[in-house]
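The file work_36.cif contains mmCIF, C-alpha atoms:
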data_work
#
loop_
_atom_site.group_PDB
_atom_site.id
_atom_site.type_symbol
_atom_site.label_atom_id
_atom_site.label_comp_id
_atom_site.auth_asym_id
_atom_site.auth_seq_id
_atom_site.Cartn_x
_atom_site.Cartn_y
_atom_site.Cartn_z
ATOM 1 C CA GLY A 1 -5.706 -30.114 0.177
ATOM 2 C CA ALA A 2 -6.383 -26.923 -1.677
ATOM 3 C CA SER A 3 -10.130 -26.843 -1.141
ATOM 4 C CA GLY A 4 -11.792 -24.515 1.323
ATOM 5 C CA ARG A 5 -12.478 -20.828 1.669
ATOM 6 C CA TRP A 6 -9.646 -19.828 -0.651
ATOM 7 C CA ALA A 7 -10.650 -22.283 -3.388
ATOM 8 C CA CYS A 8 -13.167 -20.114 -5.219
ATOM 9 C CA ALA A 9 -14.844 -21.207 -8.416
ATOM 10 C CA SER A 10 -13.181 -20.040 -11.607
ATOM 11 C CA ARG A 11 -14.928 -17.188 -13.381
ATOM 12 C CA ARG A 12 -15.144 -15.798 -16.885
ATOM 13 C CA GLY A 13 -15.986 -12.109 -16.638
ATOM 14 C CA THR A 14 -14.328 -10.532 -19.666
ATOM 15 C CA THR A 15 -15.862 -10.454 -23.103
ATOM 16 C CA ALA A 16 -13.809 -11.315 -26.154
ATOM 17 C CA SER A 17 -14.564 -7.895 -27.638
ATOM 18 C CA MET A 18 -12.488 -6.224 -24.915
ATOM 19 C CA ARG A 19 -9.255 -7.967 -25.866
ATOM 20 C CA PRO A 20 -8.290 -5.711 -28.832
ATOM 21 C CA VAL A 21 -9.074 -2.683 -26.656
ATOM 22 C CA VAL A 22 -6.744 -4.023 -23.951
ATOM 23 C CA ALA A 23 -3.973 -4.423 -26.523
ATOM 24 C CA LYS A 24 -4.489 -0.876 -27.797
ATOM 25 C CA ARG A 25 -4.507 0.562 -24.285
ATOM 26 C CA GLU A 26 -1.368 -1.404 -23.437
ATOM 27 C CA LEU A 27 0.503 0.246 -26.301
ATOM 28 C CA GLU A 28 -0.706 3.687 -25.233
ATOM 29 C CA ALA A 29 0.186 3.106 -21.587
ATOM 30 C CA GLU A 30 3.588 1.735 -22.586
ATOM 31 C CA ALA A 31 4.407 4.850 -24.585
ATOM 32 C CA GLU A 32 3.152 7.109 -21.814
ATOM 33 C CA ALA A 33 5.227 5.357 -19.139
ATOM 34 C CA LYS A 34 8.639 5.518 -20.868
ATOM 35 C CA VAL A 35 9.521 8.519 -18.730
ATOM 36 C CA VAL A 36 7.084 8.988 -15.901
ATOM 37 C CA LYS A 37 6.253 12.481 -14.742
ATOM 38 C CA THR A 38 6.655 12.526 -10.986
ATOM 39 C CA ALA A 39 5.663 14.715 -8.143
ATOM 40 C CA LYS A 40 6.157 14.249 -4.468
ATOM 41 C CA VAL A 41 4.434 16.722 -2.230
ATOM 42 C CA GLU A 42 7.306 19.206 -2.337
ATOM 43 C CA ASP A 43 9.520 18.499 -5.327
ATOM 44 C CA LYS A 44 9.109 17.114 -8.823
ATOM 45 C CA VAL A 45 11.670 14.885 -10.518
ATOM 46 C CA GLU A 46 11.833 12.647 -13.574
ATOM 47 C CA LYS A 47 11.826 8.948 -12.702
ATOM 48 C CA LYS A 48 12.352 6.271 -15.346
ATOM 49 C CA GLU A 49 10.445 2.971 -15.398
ATOM 50 C CA GLU A 50 13.496 0.890 -14.579
ATOM 51 C CA GLU A 51 14.021 2.866 -11.377
ATOM 52 C CA TYR A 52 10.855 1.427 -9.818
ATOM 53 C CA ARG A 53 10.881 -1.716 -7.642
ATOM 54 C CA ASN A 54 14.510 -1.182 -6.676
ATOM 55 C CA TYR A 55 15.144 -3.824 -4.012
ATOM 56 C CA THR A 56 18.920 -3.388 -3.836
ATOM 57 C CA ASP A 57 19.850 0.167 -2.851
ATOM 58 C CA SER A 58 16.783 2.390 -2.546
ATOM 59 C CA ALA A 59 16.659 5.033 0.182
ATOM 60 C CA ARG A 60 14.167 2.801 2.020
ATOM 61 C CA HIS A 61 16.089 -0.456 1.543
ATOM 62 C CA ASP A 62 16.673 -1.375 5.203
ATOM 63 C CA ILE A 63 13.033 -1.152 6.294
ATOM 64 C CA VAL A 64 11.897 -2.859 3.067
ATOM 65 C CA GLU A 65 14.234 -5.851 3.505
ATOM 66 C CA LYS A 66 13.365 -6.182 7.184
ATOM 67 C CA THR A 67 9.664 -6.360 6.270
ATOM 68 C CA TYR A 68 10.241 -8.983 3.577
ATOM 69 C CA LYS A 69 12.479 -11.127 5.755
ATOM 70 C CA ALA A 70 9.804 -11.374 8.447
ATOM 71 C CA MET A 71 7.210 -12.135 5.764
ATOM 72 C CA HIS A 72 9.228 -14.880 4.101
ATOM 73 C CA VAL A 73 10.099 -16.588 7.371
ATOM 74 C CA ASN A 74 6.603 -16.463 8.871
ATOM 75 C CA GLN A 75 4.112 -16.854 6.022
ATOM 76 C CA THR A 76 3.404 -20.592 6.101
ATOM 77 C CA VAL A 77 0.322 -22.645 5.249
ATOM 78 C CA ASP A 78 -0.590 -22.803 8.936
ATOM 79 C CA PHE A 79 -0.151 -19.055 9.362
ATOM 80 C CA VAL A 80 -2.336 -18.236 6.344
ATOM 81 C CA LYS A 81 -5.057 -20.627 7.538
ATOM 82 C CA GLY A 82 -4.981 -18.835 10.874
ATOM 83 C CA MET A 83 -5.414 -15.456 9.193
ATOM 84 C CA HIS A 84 -8.387 -16.785 7.210
ATOM 85 C CA ASP A 85 -9.967 -17.979 10.446
ATOM 86 C CA LYS A 86 -9.309 -14.641 12.122
ATOM 87 C CA TRP A 87 -10.330 -12.197 9.396
ATOM 88 C CA LEU A 88 -12.771 -13.957 7.066
ATOM 89 C CA LYS A 89 -15.551 -14.114 9.626
ATOM 90 C CA PHE A 90 -15.981 -10.368 8.929
ATOM 91 C CA ASP A 91 -16.659 -9.596 12.567
ATOM 92 C CA HIS A 92 -14.210 -6.708 13.006
ATOM 93 C CA GLY A 93 -16.672 -3.839 12.736
ATOM 94 C CA GLU A 94 -18.722 -2.004 10.135
ATOM 95 C CA HIS A 95 -17.194 0.868 8.181
ATOM 96 C CA THR A 96 -17.696 2.643 4.870
ATOM 97 C CA ILE A 97 -14.990 2.545 2.215
ATOM 98 C CA PHE A 98 -14.243 6.227 2.808
ATOM 99 C CA ASP A 99 -13.976 5.620 6.577
ATOM 100 C CA ILE A 100 -11.154 3.212 5.770
ATOM 101 C CA ILE A 101 -9.502 5.396 3.116
ATOM 102 C CA THR A 102 -9.358 8.216 5.680
ATOM 103 C CA LYS A 103 -7.671 5.873 8.165
ATOM 104 C CA LEU A 104 -5.050 5.027 5.519
ATOM 105 C CA ASP A 105 -3.714 8.594 5.794
ATOM 106 C CA ASP A 106 -1.837 7.195 8.808
ATOM 107 C CA LEU A 107 -0.156 4.361 6.890
ATOM 108 C CA VAL A 108 3.144 4.380 5.008
ATOM 109 C CA ASP A 109 3.915 1.004 3.394
ATOM 110 C CA ASP A 110 7.142 -0.458 4.838
ATOM 111 C CA SER A 111 7.541 -2.804 1.851
ATOM 112 C CA ASP A 112 7.536 -0.074 -0.794
ATOM 113 C CA PRO A 113 10.875 1.248 -2.074
ATOM 114 C CA ASP A 114 9.202 3.783 -4.384
ATOM 115 C CA THR A 115 7.217 6.124 -2.170
ATOM 116 C CA ALA A 116 6.821 7.310 1.389
ATOM 117 C CA LEU A 117 3.511 9.076 0.705
ATOM 118 C CA PRO A 118 0.453 8.063 2.745
ATOM 119 C CA ASN A 119 -1.364 5.149 1.171
ATOM 120 C CA SER A 120 -4.628 7.044 0.631
ATOM 121 C CA VAL A 121 -2.804 9.384 -1.760
ATOM 122 C CA HIS A 122 -1.621 6.415 -3.844
ATOM 123 C CA ASP A 123 -5.194 5.059 -4.029
ATOM 124 C CA PHE A 124 -6.455 8.273 -5.638
ATOM 125 C CA GLN A 125 -3.359 8.557 -7.867
ATOM 126 C CA THR A 126 -3.970 5.080 -9.265
ATOM 127 C CA ALA A 127 -7.686 5.632 -9.767
ATOM 128 C CA GLU A 128 -7.213 8.935 -11.568
ATOM 129 C CA ARG A 129 -4.522 7.588 -13.858
ATOM 130 C CA ILE A 130 -6.812 4.717 -14.865
ATOM 131 C CA ARG A 131 -9.713 7.134 -15.350
ATOM 132 C CA LYS A 132 -7.663 9.187 -17.787
ATOM 133 C CA ALA A 133 -6.594 6.141 -19.863
ATOM 134 C CA TRP A 134 -9.878 4.172 -19.678
ATOM 135 C CA PRO A 135 -12.622 6.840 -19.427
ATOM 136 C CA ASP A 136 -15.413 4.427 -20.397
ATOM 137 C CA LYS A 137 -14.590 1.721 -17.808
ATOM 138 C CA ASP A 138 -15.820 3.225 -14.555
ATOM 139 C CA TRP A 139 -15.457 -0.102 -12.729
ATOM 140 C CA PHE A 140 -11.727 0.058 -13.527
ATOM 141 C CA HIS A 141 -11.531 3.529 -11.931
ATOM 142 C CA LEU A 142 -13.108 2.120 -8.772
ATOM 143 C CA VAL A 143 -10.632 -0.786 -8.700
ATOM 144 C CA GLY A 144 -7.847 1.812 -8.635
ATOM 145 C CA LEU A 145 -9.359 3.413 -5.561
ATOM 146 C CA LEU A 146 -10.068 0.124 -3.768
ATOM 147 C CA HIS A 147 -7.009 -1.991 -4.551
ATOM 148 C CA ASP A 148 -4.985 -1.155 -1.424
ATOM 149 C CA VAL A 149 -7.804 -0.441 1.036
ATOM 150 C CA GLY A 150 -7.207 -3.817 2.692
ATOM 151 C CA LYS A 151 -3.990 -2.383 4.104
ATOM 152 C CA VAL A 152 -6.151 -1.146 6.959
ATOM 153 C CA LEU A 153 -5.164 -4.491 8.547
ATOM 154 C CA ALA A 154 -1.884 -2.790 9.500
ATOM 155 C CA LEU A 155 -3.821 -0.177 11.464
ATOM 156 C CA TRP A 156 -5.879 -2.893 13.151
ATOM 157 C CA GLY A 157 -2.934 -4.620 14.777
ATOM 158 C CA GLU A 158 -1.408 -6.850 12.096
ATOM 159 C CA PRO A 159 2.350 -6.516 11.448
ATOM 160 C CA GLN A 160 3.132 -5.037 8.051
ATOM 161 C CA TRP A 161 4.710 -8.310 6.889
ATOM 162 C CA ALA A 162 1.209 -9.834 7.093
ATOM 163 C CA VAL A 163 -0.405 -6.963 5.192
ATOM 164 C CA VAL A 164 1.791 -5.345 2.532
ATOM 165 C CA GLY A 165 4.365 -6.325 -0.077
ATOM 166 C CA ASP A 166 4.590 -8.860 -2.868
ATOM 167 C CA THR A 167 2.501 -11.974 -2.345
ATOM 168 C CA PHE A 168 3.264 -15.589 -3.290
ATOM 169 C CA PRO A 169 1.577 -19.003 -3.114
ATOM 170 C CA VAL A 170 2.089 -21.083 0.020
ATOM 171 C CA GLY A 171 1.786 -24.866 0.068
ATOM 172 C CA CYS A 172 4.268 -25.374 -2.759
ATOM 173 C CA ALA A 173 7.933 -24.555 -3.401
ATOM 174 C CA PHE A 174 8.871 -20.885 -3.125
ATOM 175 C CA SER A 175 10.015 -19.444 -6.460
ATOM 176 C CA ASP A 176 13.371 -17.677 -6.852
ATOM 177 C CA GLN A 177 11.400 -15.021 -8.780
ATOM 178 C CA ILE A 178 10.019 -13.648 -5.506
ATOM 179 C CA VAL A 179 11.920 -10.643 -4.136
ATOM 180 C CA PHE A 180 14.455 -11.484 -1.403
ATOM 181 C CA PRO A 181 14.132 -15.254 -2.053
ATOM 182 C CA GLU A 182 17.137 -16.003 0.173
ATOM 183 C CA HIS A 183 15.001 -15.506 3.292
ATOM 184 C CA PHE A 184 12.712 -18.450 2.502
ATOM 185 C CA LYS A 185 15.350 -20.884 3.746
ATOM 186 C CA GLU A 186 14.193 -20.036 7.267
ATOM 187 C CA ASN A 187 10.543 -20.771 6.437
ATOM 188 C CA LYS A 188 9.558 -24.156 7.888
ATOM 189 C CA ASP A 189 7.451 -25.028 4.811
ATOM 190 C CA SER A 190 10.504 -24.856 2.518
ATOM 191 C CA THR A 191 11.633 -28.312 3.737
ATOM 192 C CA HIS A 192 8.149 -29.810 4.170
ATOM 193 C CA GLU A 193 7.693 -33.136 2.362
ATOM 194 C CA VAL A 194 4.672 -31.785 0.446
ATOM 195 C CA TYR A 195 4.812 -27.998 0.653
ATOM 196 C CA GLY A 196 8.464 -27.951 -0.406
ATOM 197 C CA THR A 197 7.769 -29.574 -3.802
ATOM 198 C CA GLU A 198 6.985 -27.893 -7.132
ATOM 199 C CA LEU A 199 3.274 -28.754 -7.132
ATOM 200 C CA GLY A 200 2.947 -29.023 -3.368
ATOM 201 C CA MET A 201 -0.632 -29.494 -2.221
ATOM 202 C CA TYR A 202 -2.043 -28.541 -5.631
ATOM 203 C CA GLU A 203 -2.521 -30.157 -9.025
ATOM 204 C CA LYS A 204 -1.055 -28.962 -12.328
ATOM 205 C CA GLY A 205 -3.510 -26.701 -14.140
ATOM 206 C CA CYS A 206 -5.788 -26.426 -11.096
ATOM 207 C CA GLY A 207 -6.384 -22.707 -11.689
ATOM 208 C CA MET A 208 -5.024 -19.674 -9.861
ATOM 209 C CA ASP A 209 -8.153 -19.376 -7.721
ATOM 210 C CA LYS A 210 -7.332 -22.735 -6.134
ATOM 211 C CA LEU A 211 -4.009 -21.470 -4.737
ATOM 212 C CA MET A 212 -3.630 -20.315 -1.157
ATOM 213 C CA ILE A 213 -1.747 -17.025 -1.391
ATOM 214 C CA SER A 214 0.339 -15.494 1.396
ATOM 215 C CA TRP A 215 -1.899 -13.410 3.656
ATOM 216 C CA GLY A 216 -2.134 -9.696 2.979
ATOM 217 C CA HIS A 217 -4.288 -6.824 1.840
ATOM 218 C CA ASP A 218 -5.049 -8.285 -1.620
ATOM 219 C CA GLU A 219 -6.874 -11.398 -0.409
ATOM 220 C CA TYR A 220 -8.515 -9.564 2.484
ATOM 221 C CA MET A 221 -9.983 -6.803 0.289
ATOM 222 C CA TYR A 222 -11.105 -9.296 -2.358
ATOM 223 C CA GLN A 223 -12.920 -11.335 0.302
ATOM 224 C CA VAL A 224 -14.444 -8.233 1.939
ATOM 225 C CA LEU A 225 -15.894 -7.152 -1.412
ATOM 226 C CA LYS A 226 -17.269 -10.613 -2.203
ATOM 227 C CA HIS A 227 -18.792 -10.992 1.263
ATOM 228 C CA ASN A 228 -20.506 -7.599 1.050
ATOM 229 C CA GLY A 229 -22.111 -8.234 -2.353
ATOM 230 C CA CYS A 230 -19.903 -6.040 -4.532
ATOM 231 C CA THR A 231 -20.936 -6.203 -8.207
ATOM 232 C CA LEU A 232 -17.615 -5.249 -9.812
ATOM 233 C CA PRO A 233 -16.884 -7.486 -12.828
ATOM 234 C CA GLU A 234 -14.724 -10.522 -12.156
ATOM 235 C CA GLU A 235 -11.721 -9.080 -13.998
ATOM 236 C CA GLY A 236 -11.817 -6.118 -11.604
ATOM 237 C CA LEU A 237 -11.967 -8.387 -8.570
ATOM 238 C CA ALA A 238 -9.022 -10.380 -9.986
ATOM 239 C CA MET A 239 -6.978 -7.165 -10.200
ATOM 240 C CA ILE A 240 -7.580 -6.573 -6.506
ATOM 241 C CA ARG A 241 -6.851 -10.199 -5.555
ATOM 242 C CA TYR A 242 -3.632 -10.648 -7.551
ATOM 243 C CA HIS A 243 -2.076 -7.197 -8.040
ATOM 244 C CA SER A 244 0.710 -7.952 -5.530
ATOM 245 C CA LEU A 245 1.470 -11.403 -7.010
ATOM 246 C CA TYR A 246 4.432 -9.989 -8.968
ATOM 247 C CA CYS A 247 6.196 -13.358 -9.179
ATOM 248 C CA TRP A 248 3.283 -14.471 -11.387
ATOM 249 C CA HIS A 249 2.152 -11.439 -13.360
ATOM 250 C CA LEU A 250 5.590 -9.843 -13.813
ATOM 251 C CA LYS A 251 8.080 -12.724 -13.570
ATOM 252 C CA GLY A 252 6.062 -15.627 -14.985
ATOM 253 C CA ALA A 253 6.413 -17.984 -12.019
ATOM 254 C CA TYR A 254 3.750 -20.519 -11.007
ATOM 255 C CA LYS A 255 2.296 -20.798 -14.501
ATOM 256 C CA GLN A 256 2.103 -24.578 -13.970
ATOM 257 C CA PHE A 257 -1.052 -23.882 -11.966
ATOM 258 C CA MET A 258 -2.861 -21.758 -14.565
ATOM 259 C CA GLY A 259 -6.176 -23.145 -15.777
ATOM 260 C CA PRO A 260 -9.015 -22.105 -18.100
ATOM 261 C CA GLY A 261 -9.601 -18.343 -18.054
ATOM 262 C CA ASP A 262 -6.364 -17.547 -16.210
ATOM 263 C CA GLU A 263 -4.532 -16.198 -19.277
ATOM 264 C CA GLU A 264 -7.211 -13.552 -19.722
ATOM 265 C CA LYS A 265 -7.165 -12.807 -16.007
ATOM 266 C CA LEU A 266 -3.380 -12.374 -16.186
ATOM 267 C CA GLY A 267 -3.767 -9.828 -18.989
ATOM 268 C CA TRP A 268 -6.109 -7.680 -16.914
ATOM 269 C CA VAL A 269 -3.869 -7.866 -13.834
ATOM 270 C CA GLN A 270 -0.890 -6.796 -15.977
ATOM 271 C CA GLU A 271 -2.912 -3.913 -17.406
ATOM 272 C CA PHE A 272 -3.824 -2.745 -13.909
ATOM 273 C CA ASN A 273 -0.234 -3.024 -12.722
ATOM 274 C CA LYS A 274 0.956 -0.268 -15.063
ATOM 275 C CA PHE A 275 -1.278 2.218 -13.332
ATOM 276 C CA ASP A 276 -0.575 0.924 -9.832
ATOM 277 C CA LEU A 277 3.205 1.001 -10.104
ATOM 278 C CA TYR A 278 3.819 4.091 -12.205
ATOM 279 C CA SER A 279 1.239 6.297 -10.502
ATOM 280 C CA LYS A 280 3.382 6.474 -7.378
ATOM 281 C CA SER A 281 5.092 9.641 -8.571
ATOM 282 C CA ASP A 282 2.127 11.420 -10.168
ATOM 283 C CA ASP A 283 0.811 14.736 -8.885
ATOM 284 C CA VAL A 284 -0.956 14.525 -5.544
ATOM 285 C CA PRO A 285 -4.728 14.569 -6.208
ATOM 286 C CA ASP A 286 -7.424 16.450 -4.295
ATOM 287 C CA PRO A 287 -9.470 13.795 -2.448
ATOM 288 C CA VAL A 288 -12.210 16.257 -1.464
ATOM 289 C CA ALA A 289 -12.878 17.269 -5.059
ATOM 290 C CA LEU A 290 -12.787 13.673 -6.286
ATOM 291 C CA ARG A 291 -14.906 12.105 -3.565
ATOM 292 C CA PRO A 292 -18.391 12.673 -5.103
ATOM 293 C CA TYR A 293 -17.411 10.855 -8.319
ATOM 294 C CA TYR A 294 -16.121 7.808 -6.452
ATOM 295 C CA GLU A 295 -19.051 7.799 -4.027
ATOM 296 C CA GLY A 296 -21.284 7.481 -7.095
ATOM 297 C CA LEU A 297 -19.273 4.443 -8.237
ATOM 298 C CA LEU A 298 -19.469 2.824 -4.796
ATOM 299 C CA LYS A 299 -23.256 3.122 -5.003
ATOM 300 C CA LYS A 300 -23.359 1.762 -8.578
ATOM 301 C CA TYR A 301 -21.361 -1.329 -7.601
ATOM 302 C CA LYS A 302 -23.345 -1.937 -4.365
ATOM 303 C CA ILE A 303 -20.676 -1.130 -1.786
ATOM 304 C CA ASP A 304 -21.875 2.239 -0.542
ATOM 305 C CA GLY A 305 -22.871 2.382 3.096
ATOM 306 C CA LYS A 306 -21.255 0.402 5.888
ATOM 307 C CA LEU A 307 -19.543 -2.865 5.006
ATOM 308 C CA LYS A 308 -18.671 -5.729 7.340
ATOM 309 C CA TRP A 309 -14.887 -6.045 7.798
#
Could you spell out this file's structure in structure tokens?
Amino acid sequence: GASGRWACASRRGTTASMRPVVAKRELEAEAEAKVVKTAKVEDKVEKKEEEYRNYTDSARHDIVEKTYKAMHVNQTVDFVKGMHDKWLKFDHGEHTIFDIITKLDDLVDDSDPDTALPNSVHDFQTAERIRKAWPDKDWFHLVGLLHDVGKVLALWGEPQWAVVGDTFPVGCAFSDQIVFPEHFKENKDSTHEVYGTELGMYEKGCGMDKLMISWGHDEYMYQVLKHNGCTLPEEGLAMIRYHSLYCWHLKGAYKQFMGPGDEEKLGWVQEFNKFDLYSKSDDVPDPVALRPYYEGLLKKYKIDGKLKW
């Protein structure tokens, strides 16, 4: 069933005293994001919130839909198990976080309708936007920098449909709240006698950590950090693990699986998402100037030096 490497114990990392602060920050971020100031490398335009995540007629629509179709046809329980076996032995080399961020200069995300900037730029944009809004939560700044670093899988030979884009649980029925849901009809698990049902191989209220999520950069980076002894708080690790699970944190799907502590986890993932999504049009930051600050955070949270990938 749902036990195994992906079935991690549930965790309670957030203190109750943070909750009012989250609510206050949410209001501030909401007001700030009504009209988002944008800047691509050459030109600056105003982009409204509702113009993000356009999966119908964006300038990048063809490549985006092609990526999602391949993902939705091929991401099955068997496929995800195979990716766990391949990547979660952490025997693919030793590299520092900044080694990987530098490599990400060569990656443009084929699932993203909002930006064609290199992914490393987006990492710094997200981190700096969080730093401005939450100056006293340095772990949150570091999450912004780290959240997409697992996309290095695409530079190590994995197709983008197994690395980027919105994630979703496998082993149970695919929700119509996932983008491009029409392509799931070609996924062999959609008609499976167990995996095609609402609860599938899980139990109601089992907890989000018990779900096997489609393989991609979220789960990979979460597992890399855990394996290498990262001391980020659990709410920060949850942001990394679930930030692409839009069908859950944005659309409200799969709530039948939520267990103790998951409501609080959801709140933190939603808070992170504001900075992830709406930073994609912010000014392009200076990585050289910012690097010493983030190197200090990597040391503080025990992931400086070479990590096993």
Report task. One decimal, Å: what's the distance from CA of Asp123 (chain A) over to CA of Leu146 (chain A), could you say? Result ->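 Interatomic distance here is 6.9 Å.
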Report task. Compile the contact shell of Gly157 (chain A) as a list in words: residues with an atom at most 12 Å away, counting all atoms listed in the file, same-chain residues fewer than 5 positions apart removed. Result ->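 Near neighbours after the sequence-gap exclusion: Trp87, His92, Lys151, Val152, Ala162 and Val163 of chain A.
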**Report entry** Nearest to Asp189 (chain A), chosen from A:Leu225, A:Ile101, A:Val77, A:Val269, with all atoms listed in the file counted in the distances
**Finding:**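 Nearest to Asp189 (chain A): A:Val77.
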Query raised in the report: Do you know which residues are at most 12 Å from Tyr293 (chain A) counting all atoms listed in the file, after dropping those on the same chain fewer than 6 positions away, and could you put them as a list in words?
Result: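 After dropping sequence-adjacent residues, the list is Phe124, Ala127, Glu128, Arg131, Asp138, Trp139, His141, Leu142, Leu145, Pro287, Lys299 and Lys300 of chain A.
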Query raised in the report: Which of these residues is nearest to Lys188 (chain A), using all atoms listed in the file: A:Trp309, A:Val170, A:Gly252, A:Leu266?
Result: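 Under the stated criterion, the closest residue is A:Val170.
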Query raised in the report: What is the CA of Gln125 (chain A)-CA of Gly150 (chain A) distance in Å, reported with one decimal?
Result: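 Calculated distance between CA of Gln125 (chain A) and CA of Gly150 (chain A) is 16.7 Å.
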Report task. Enumerate, as a PyMOL selection string, the residues matched when the PyMOL selection byres ((chain A and resi 222) around 10) is run on the file above. Result -> chain A and resi 146-147+150+217-221+223-227+230+236-242
Can you report as AutoDock Vina command-line options the centre and edge lengths in Å, to one decimal, of an axis-aligned box around the listed atoms of region 63-75 of chain A padded with 3 Å on each side?
--center_x 9.2 --center_y -9.0 --center_z 6.0 --size_x 16.1 --size_y 21.7 --size_z 11.8
Query raised in the report: Of the residues A:Lys302, A:His249, A:His72, A:His61, which is the one nearest to Phe174 (chain A), using all atoms listed in the file?
Result: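 When distances to Phe174 (chain A) are compared using all atoms listed in the file, the smallest one comes from A:His72.
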Query raised in the report: Any idea what the distance is between CA of Gln270 (chain A) and CA of Phe168 (chain A)?
Result: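 Straight-line distance from CA of Gln270 (chain A) to CA of Phe168 (chain A) works out to 16.0 Å.
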Report task. Can you pull out every residue within 12 Å of Val164 (chain A), counting only C-alpha atoms, but drop anything in the same chain fewer than 6 positions away, and send it as a ChimeraX atom specification? Result -> /A:64,67-68,70-71,107-112,119,147-155,158,214-220,243-245
Report task. List the residues selected by the PyMOL selection byres ((chain A and resi 95) around 9) in the file shown, writing them as a list in words. Result -> Gly93, Glu94, Thr96, Ile97, Phe98, Asp99, Ile100, Gly305, Lys306, Leu307, Lys308 and Trp309 of chain A
Report task. Considering only C-alpha atoms, return as a PyMOL selection string whatever protein or nucleic-acid residues lie within 8 Å of Asp262 (chain A), sequence-local ones (same chain, fewer than 4 positions apart) excluded. Result -> chain A and resi 207-208+258+266
For the structure shown, which residues end up in the PyMOL selection byres ((chain A and resi 190) around 12)? Put them as an mmCIF file with C-alpha atoms, in the frame of the given file, please?
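Saved the output as selection02.cif:
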data_model
loop_
_atom_site.group_PDB
_atom_site.id
_atom_site.type_symbol
_atom_site.label_atom_id
_atom_site.label_comp_id
_atom_site.auth_asym_id
_atom_site.auth_seq_id
_atom_site.Cartn_x
_atom_site.Cartn_y
_atom_site.Cartn_z
ATOM 1 C CA HIS A 72 9.228 -14.880 4.101
ATOM 2 C CA VAL A 73 10.099 -16.588 7.371
ATOM 3 C CA ASN A 74 6.603 -16.463 8.871
ATOM 4 C CA GLN A 75 4.112 -16.854 6.022
ATOM 5 C CA THR A 76 3.404 -20.592 6.101
ATOM 6 C CA VAL A 77 0.322 -22.645 5.249
ATOM 7 C CA VAL A 170 2.089 -21.083 0.020
ATOM 8 C CA GLY A 171 1.786 -24.866 0.068
ATOM 9 C CA CYS A 172 4.268 -25.374 -2.759
ATOM 10 C CA ALA A 173 7.933 -24.555 -3.401
ATOM 11 C CA PHE A 174 8.871 -20.885 -3.125
ATOM 12 C CA SER A 175 10.015 -19.444 -6.460
ATOM 13 C CA PRO A 181 14.132 -15.254 -2.053
ATOM 14 C CA GLU A 182 17.137 -16.003 0.173
ATOM 15 C CA HIS A 183 15.001 -15.506 3.292
ATOM 16 C CA PHE A 184 12.712 -18.450 2.502
ATOM 17 C CA LYS A 185 15.350 -20.884 3.746
ATOM 18 C CA GLU A 186 14.193 -20.036 7.267
ATOM 19 C CA ASN A 187 10.543 -20.771 6.437
ATOM 20 C CA LYS A 188 9.558 -24.156 7.888
ATOM 21 C CA ASP A 189 7.451 -25.028 4.811
ATOM 22 C CA THR A 191 11.633 -28.312 3.737
ATOM 23 C CA HIS A 192 8.149 -29.810 4.170
ATOM 24 C CA GLU A 193 7.693 -33.136 2.362
ATOM 25 C CA VAL A 194 4.672 -31.785 0.446
ATOM 26 C CA TYR A 195 4.812 -27.998 0.653
ATOM 27 C CA GLY A 196 8.464 -27.951 -0.406
ATOM 28 C CA THR A 197 7.769 -29.574 -3.802
ATOM 29 C CA GLU A 198 6.985 -27.893 -7.132
ATOM 30 C CA GLY A 200 2.947 -29.023 -3.368
#
